[in-house]
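These notes are about the structure you will find just below.
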Amino acid sequence: MSSPDAGFNPTWQRHVAAYALAEPHFPEGRLLDLGCGVGHSYHLLAGRETVGVDIDPRALEGQSRETHVADMAALPFTDGEFASVLSVQSLEHVPDPVRVVAEAARVVAADGVAVFVTPNRLTLGRPDEIIDPYHHVEFDAGELAAICTRSFGSVEVMGLFGSGRYMELFDGERRKLDRLLAKDPLRLRRLVPRRAKQSLYDALLRRNRSEADPRAAAIVPEDFELRGTDLETALDLMAVCMSPR
């Protein structure tokens, strides 16, 4: 996503909200923004020196901060270099998320904080199937906590929830998905190569979101909140991690 329009505004605003809701958990000092993409919301972390990391050099072009082209599983930084680490909607895109969490624990200070925000697999698509072909893995709350506790002594998982008007849009998208998947009851889609799936996925999103919807345009970051209960129904999960091992 490079703009609210190109990225479908409700999803864009959900990502922005994740930055805003994570911000109070961070101390002052250098913050590593993992898988930062185009860096759309690091201004919400004002007061801290943020450093962006992404594997795609094109995403980092034009950002007015320190950036590095790097694999999140092999970070080019020294041990304990950062006061905090933030990963928003990036952990699900890597084949070895355990290694990414371990690297975050390595580069964060002993008294620092790492926050990982990732979609809840119980609500994103299908609990037993990864629908988004750009995702390697998806987590429920227990699974996210399990990989984080391998590298951190203290882990708290919370959920990001949407307002009623956001959920009206979200539920409409889910109904479209259910109708589409019902056309392939044998799940022959599993045999389609990953690159082809990605092309088809992008084309379907463009088609389904081609018409302007004033309800979608009205969504703002304030349509989202964090709660520590009912995590099985959360849109996204946020793991706040301390005491790196």
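So you can find residues: chains in the structure tokens are A, B, ... in the order shown, residues in each start at 1, and ligands are numbered from 1 in order.
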* Write out as JSON, numbers by chain which residues come within 7 Å of segment 159-166 of chain A when counting only C-alpha atoms, dropping same-chain ones fewer than 3 positions away. => {"A": [169, 170, 219, 223, 224, 225, 226, 227, 228, 231, 234, 235, 236, 237, 238]}
With C-alpha atoms retained, could you export that selection as a short mmCIF file (atom, residue, chain, number, x, y, z; two decimals), in the first residue's frame?
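New file again19.cif:
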data_model
loop_
_atom_site.label_atom_id
_atom_site.label_comp_id
_atom_site.auth_asym_id
_atom_site.auth_seq_id
_atom_site.Cartn_x
_atom_site.Cartn_y
_atom_site.Cartn_z
CA LEU A 169 -17.44 -3.18 5.54
CA PHE A 170 -15.33 -6.04 6.86
CA ILE A 219 -12.93 5.19 7.98
CA ASP A 223 -12.33 3.55 14.23
CA PHE A 224 -9.99 1.08 15.96
CA GLU A 225 -9.17 0.23 19.56
CA LEU A 226 -7.07 -2.20 21.59
CA ARG A 227 -8.60 -4.65 24.03
CA GLY A 228 -7.17 -7.48 26.07
CA LEU A 231 -8.92 -12.12 21.25
CA ALA A 234 -9.91 -9.48 17.07
CA LEU A 235 -8.99 -8.21 13.61
CA ASP A 236 -5.28 -8.00 14.40
CA LEU A 237 -3.12 -9.14 17.29
CA MET A 238 -0.54 -6.99 19.07
#
* **Polymer residues at most 12 Å from Leu204 of chain A, only C-alpha atoms, same-chain spacing of 6 or more positions, as a VMD selection string** => chain A and resid 132 173 176 to 177 180 197 to 198 210
Let me see the file: selected residues, C-alpha atoms, as a short mmCIF file (atom, residue, chain, number, x, y, z; two decimals), in the first residue's frame.
data_model
loop_
_atom_site.label_atom_id
_atom_site.label_comp_id
_atom_site.auth_asym_id
_atom_site.auth_seq_id
_atom_site.Cartn_x
_atom_site.Cartn_y
_atom_site.Cartn_z
CA ASP A 132 -3.73 -14.07 1.13
CA GLU A 173 -15.78 -8.38 2.29
CA LYS A 176 -17.73 -11.85 -0.98
CA LEU A 177 -14.84 -14.13 -0.03
CA LEU A 180 -15.88 -16.89 -4.18
CA LYS A 197 -2.20 -16.72 -6.99
CA GLN A 198 -0.78 -13.29 -6.24
CA SER A 210 -13.19 -0.51 -8.09
#
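Computed from the coordinates, the atom CA of Glu211 of chain A to atom CA of Ala196 of chain A distance equals 24.6 Å.
Of the residues under consideration (A:Tyr19, A:Gln13, A:Pro133, A:Val98), A:Pro133 shows the shortest atom-to-atom contact distance to Val192 of chain A when counting only C-alpha atoms.
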* In Å, how far is it from atom CA of Glu138 of chain A to atom CA of Phe116 of chain A? ->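 It comes out at 12.6 Å.
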Could you make a table, as JSON lines, of the residues of segment 72-146 of chain A that have an atom within 10 Å of an atom of segment 46-68 of chain A, each with its nearest atom pair and distance in Å to one decimal, counting only C-alpha atoms, in chain and number order?
{"residue": "A:Met72", "atom": "CA", "partner": "A:Asp54", "partner_atom": "CA", "distance": 7.5}
{"residue": "A:Leu75", "atom": "CA", "partner": "A:Val53", "partner_atom": "CA", "distance": 8.7}
{"residue": "A:Pro76", "atom": "CA", "partner": "A:His68", "partner_atom": "CA", "distance": 8.4}
{"residue": "A:Phe82", "atom": "CA", "partner": "A:Val51", "partner_atom": "CA", "distance": 9.4}
{"residue": "A:Ala83", "atom": "CA", "partner": "A:Arg48", "partner_atom": "CA", "distance": 9.4}
{"residue": "A:Ser84", "atom": "CA", "partner": "A:Thr50", "partner_atom": "CA", "distance": 9.4}
{"residue": "A:Val85", "atom": "CA", "partner": "A:Thr50", "partner_atom": "CA", "distance": 9.3}
{"residue": "A:Leu86", "atom": "CA", "partner": "A:Thr50", "partner_atom": "CA", "distance": 9.8}
{"residue": "A:Ser87", "atom": "CA", "partner": "A:Val53", "partner_atom": "CA", "distance": 9.9}
{"residue": "A:Ser90", "atom": "CA", "partner": "A:Asp54", "partner_atom": "CA", "distance": 9.5}
How would the residues just chosen look if you wrote them out with N, CA, C and O atoms as a PDB file, in the first residue's frame?
ATOM      1  N   MET A  72      14.608  -9.056   7.456  1.00  0.00           N
ATOM      2  CA  MET A  72      14.285  -8.943   8.877  1.00  0.00           C
ATOM      3  C   MET A  72      14.855 -10.095   9.692  1.00  0.00           C
ATOM      4  O   MET A  72      14.991  -9.986  10.912  1.00  0.00           O
ATOM      5  N   LEU A  75      19.397  -8.942  10.543  1.00  0.00           N
ATOM      6  CA  LEU A  75      19.479  -7.493  10.641  1.00  0.00           C
ATOM      7  C   LEU A  75      20.930  -7.011  10.749  1.00  0.00           C
ATOM      8  O   LEU A  75      21.732  -7.614  11.470  1.00  0.00           O
ATOM      9  N   PRO A  76      21.265  -5.920  10.077  1.00  0.00           N
ATOM     10  CA  PRO A  76      22.639  -5.409  10.066  1.00  0.00           C
ATOM     11  C   PRO A  76      22.923  -4.455  11.226  1.00  0.00           C
ATOM     12  O   PRO A  76      23.490  -3.369  11.031  1.00  0.00           O
ATOM     13  N   PHE A  82      18.833  -0.795  19.840  1.00  0.00           N
ATOM     14  CA  PHE A  82      17.602  -0.006  19.794  1.00  0.00           C
ATOM     15  C   PHE A  82      16.847  -0.055  21.120  1.00  0.00           C
ATOM     16  O   PHE A  82      16.821  -1.089  21.800  1.00  0.00           O
ATOM     17  N   ALA A  83      16.208   1.057  21.437  1.00  0.00           N
ATOM     18  CA  ALA A  83      15.357   1.098  22.625  1.00  0.00           C
ATOM     19  C   ALA A  83      14.058   0.346  22.400  1.00  0.00           C
ATOM     20  O   ALA A  83      13.447  -0.146  23.354  1.00  0.00           O
ATOM     21  N   SER A  84      13.649   0.260  21.146  1.00  0.00           N
ATOM     22  CA  SER A  84      12.398  -0.436  20.843  1.00  0.00           C
ATOM     23  C   SER A  84      12.393  -0.905  19.400  1.00  0.00           C
ATOM     24  O   SER A  84      13.141  -0.413  18.560  1.00  0.00           O
ATOM     25  N   VAL A  85      11.527  -1.872  19.146  1.00  0.00           N
ATOM     26  CA  VAL A  85      11.359  -2.452  17.807  1.00  0.00           C
ATOM     27  C   VAL A  85       9.864  -2.560  17.533  1.00  0.00           C
ATOM     28  O   VAL A  85       9.087  -2.961  18.410  1.00  0.00           O
ATOM     29  N   LEU A  86       9.462  -2.203  16.329  1.00  0.00           N
ATOM     30  CA  LEU A  86       8.053  -2.301  15.933  1.00  0.00           C
ATOM     31  C   LEU A  86       7.952  -3.022  14.601  1.00  0.00           C
ATOM     32  O   LEU A  86       8.680  -2.716  13.652  1.00  0.00           O
ATOM     33  N   SER A  87       7.040  -3.977  14.525  1.00  0.00           N
ATOM     34  CA  SER A  87       6.751  -4.700  13.290  1.00  0.00           C
ATOM     35  C   SER A  87       5.243  -4.683  13.084  1.00  0.00           C
ATOM     36  O   SER A  87       4.507  -5.314  13.839  1.00  0.00           O
ATOM     37  N   SER A  90       4.026  -7.260   9.110  1.00  0.00           N
ATOM     38  CA  SER A  90       5.167  -7.767   8.347  1.00  0.00           C
ATOM     39  C   SER A  90       5.549  -9.188   8.745  1.00  0.00           C
ATOM     40  O   SER A  90       6.083  -9.926   7.917  1.00  0.00           O
TER      41      SER A  90
END
* Using the chain letters and numbers from this document, which residues of segment 3-239 of chain A does DSSP assign to strand (DSSP E or B), as JSON, numbers by chain? -> {"A": [31, 32, 33, 34, 50, 51, 52, 53, 54, 66, 67, 68, 69, 82, 83, 84, 85, 86, 87, 88, 108, 109, 110, 111, 112, 113, 114, 115, 116, 117, 118, 119, 120, 126, 129, 139, 152, 153, 154, 155, 156, 157, 158, 159, 160, 161, 162, 224, 225, 226, 227, 236, 237, 238, 239]}
List the neighbours of Phe152 of chain A out to 7 Å using only C-alpha atoms; skip same-chain residues closer than 2 positions along the sequence, and give me the result as a compact mmCIF listing (two decimals) with C-alpha atoms, in the first residue's frame.
# COMPACT_ATOMS: atom_id res chain seq x y z
CA ALA A 105 15.18 -9.62 20.68
CA CYS A 148 7.36 -14.44 21.12
CA THR A 149 8.00 -16.18 24.45
CA ARG A 150 10.82 -18.11 22.81
CA SER A 154 7.44 -11.06 29.15
CA VAL A 155 4.75 -11.14 26.44
CA CYS A 241 7.30 -8.03 24.38
CA MET A 242 9.89 -7.20 27.05
CA SER A 243 12.88 -8.83 28.73
CA PRO A 244 14.69 -10.17 25.66
CA ARG A 245 16.38 -13.50 26.29
* Asked: What is the distance, in Å and to one decimal place, between atom CA of Ala217 of chain A and atom CA of Trp12 of chain A?
  -> 10.6 Å
* Assign secondary structure with DSSP using the backbone only, and return the residues of segment 14-244 of chain A in alpha helix (DSSP H) as a PyMOL selection string. => chain A and resi 14-22+57-60+97-107+121-124+141-149+164-181+194-208+214-217
* Asked: If we count only C-alpha atoms, what is near Glu156 of chain A at a cut-off of 8 Å, once residues fewer than 5 positions away on the same chain are taken out, given as a PyMOL selection string?
  -> chain A and resi 145+239-241
* Which of these, A:Arg195, A:Val113, A:Arg126, A:Arg179, has the shortest distance to Gly29 of chain A once you count only C-alpha atoms? ->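 Nearest candidate to Gly29 of chain A out of A:Arg195, A:Val113, A:Arg126, A:Arg179: A:Val113.
Distance annotation: of A:Ala216, A:Tyr201, A:Glu232, A:Ala74, the residue with the minimal separation from Leu124 of chain A is A:Glu232; atom set is only C-alpha atoms.
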* Asked: Of the residues A:Ser151, A:Arg174, A:Pro193, A:Leu45, which is the one nearest to Val101 of chain A, using only C-alpha atoms?
  ->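 The answer is A:Ser151, which sits nearest to Val101 of chain A.
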Fewer than 4 positions away in the same chain doesn't count, so skip those; otherwise give me all residues within 10 Å of Asp96 of chain A, counting only C-alpha atoms, as a short mmCIF file (atom, residue, chain, number, x, y, z; two decimals) with C-alpha atoms, in the first residue's frame.
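This went into selection.cif:
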data_model
loop_
_atom_site.label_atom_id
_atom_site.label_comp_id
_atom_site.auth_asym_id
_atom_site.auth_seq_id
_atom_site.Cartn_x
_atom_site.Cartn_y
_atom_site.Cartn_z
CA MET A 72 14.29 -8.94 8.88
CA ALA A 73 15.73 -12.35 9.74
CA LEU A 91 5.67 -10.91 10.45
CA GLU A 92 3.15 -12.84 8.36
CA VAL A 100 12.58 -12.48 12.91
CA VAL A 101 11.37 -12.35 16.52
CA HIS A 136 3.64 -17.30 4.53
CA VAL A 137 2.08 -17.83 7.96
#
* Contacts of Ala218 of chain A at 9 Å (only C-alpha atoms; same-chain gap of 5+ positions) as a list of chain:residue names ->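 Once the adjacent positions are removed, what remains is A:Asn9, A:Pro10, A:Asp213.
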Restricting the output to all heavy atoms, write the selected residues as an mmCIF file, in the first residue's frame.
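What landed in part15.cif:
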data_model
loop_
_atom_site.group_PDB
_atom_site.id
_atom_site.type_symbol
_atom_site.label_atom_id
_atom_site.label_comp_id
_atom_site.auth_asym_id
_atom_site.auth_seq_id
_atom_site.Cartn_x
_atom_site.Cartn_y
_atom_site.Cartn_z
ATOM 1 N N ASN A 9 -8.826 2.259 1.578
ATOM 2 C CA ASN A 9 -8.735 3.122 2.753
ATOM 3 C C ASN A 9 -8.992 2.424 4.095
ATOM 4 O O ASN A 9 -8.245 2.645 5.052
ATOM 5 C CB ASN A 9 -9.683 4.322 2.604
ATOM 6 C CG ASN A 9 -9.552 5.267 3.772
ATOM 7 O OD1 ASN A 9 -8.504 5.849 4.008
ATOM 8 N ND2 ASN A 9 -10.637 5.420 4.526
ATOM 9 N N PRO A 10 -10.022 1.576 4.260
ATOM 10 C CA PRO A 10 -10.210 0.952 5.569
ATOM 11 C C PRO A 10 -9.007 0.131 6.035
ATOM 12 O O PRO A 10 -8.636 0.168 7.216
ATOM 13 C CB PRO A 10 -11.447 0.062 5.356
ATOM 14 C CG PRO A 10 -12.200 0.747 4.265
ATOM 15 C CD PRO A 10 -11.143 1.269 3.342
ATOM 16 N N ASP A 213 -16.734 3.977 -2.551
ATOM 17 C CA ASP A 213 -17.712 3.704 -1.505
ATOM 18 C C ASP A 213 -17.514 4.751 -0.410
ATOM 19 O O ASP A 213 -16.484 4.753 0.265
ATOM 20 C CB ASP A 213 -17.490 2.293 -0.947
ATOM 21 C CG ASP A 213 -18.561 1.889 0.050
ATOM 22 O OD1 ASP A 213 -19.232 2.784 0.604
ATOM 23 O OD2 ASP A 213 -18.706 0.677 0.300
#
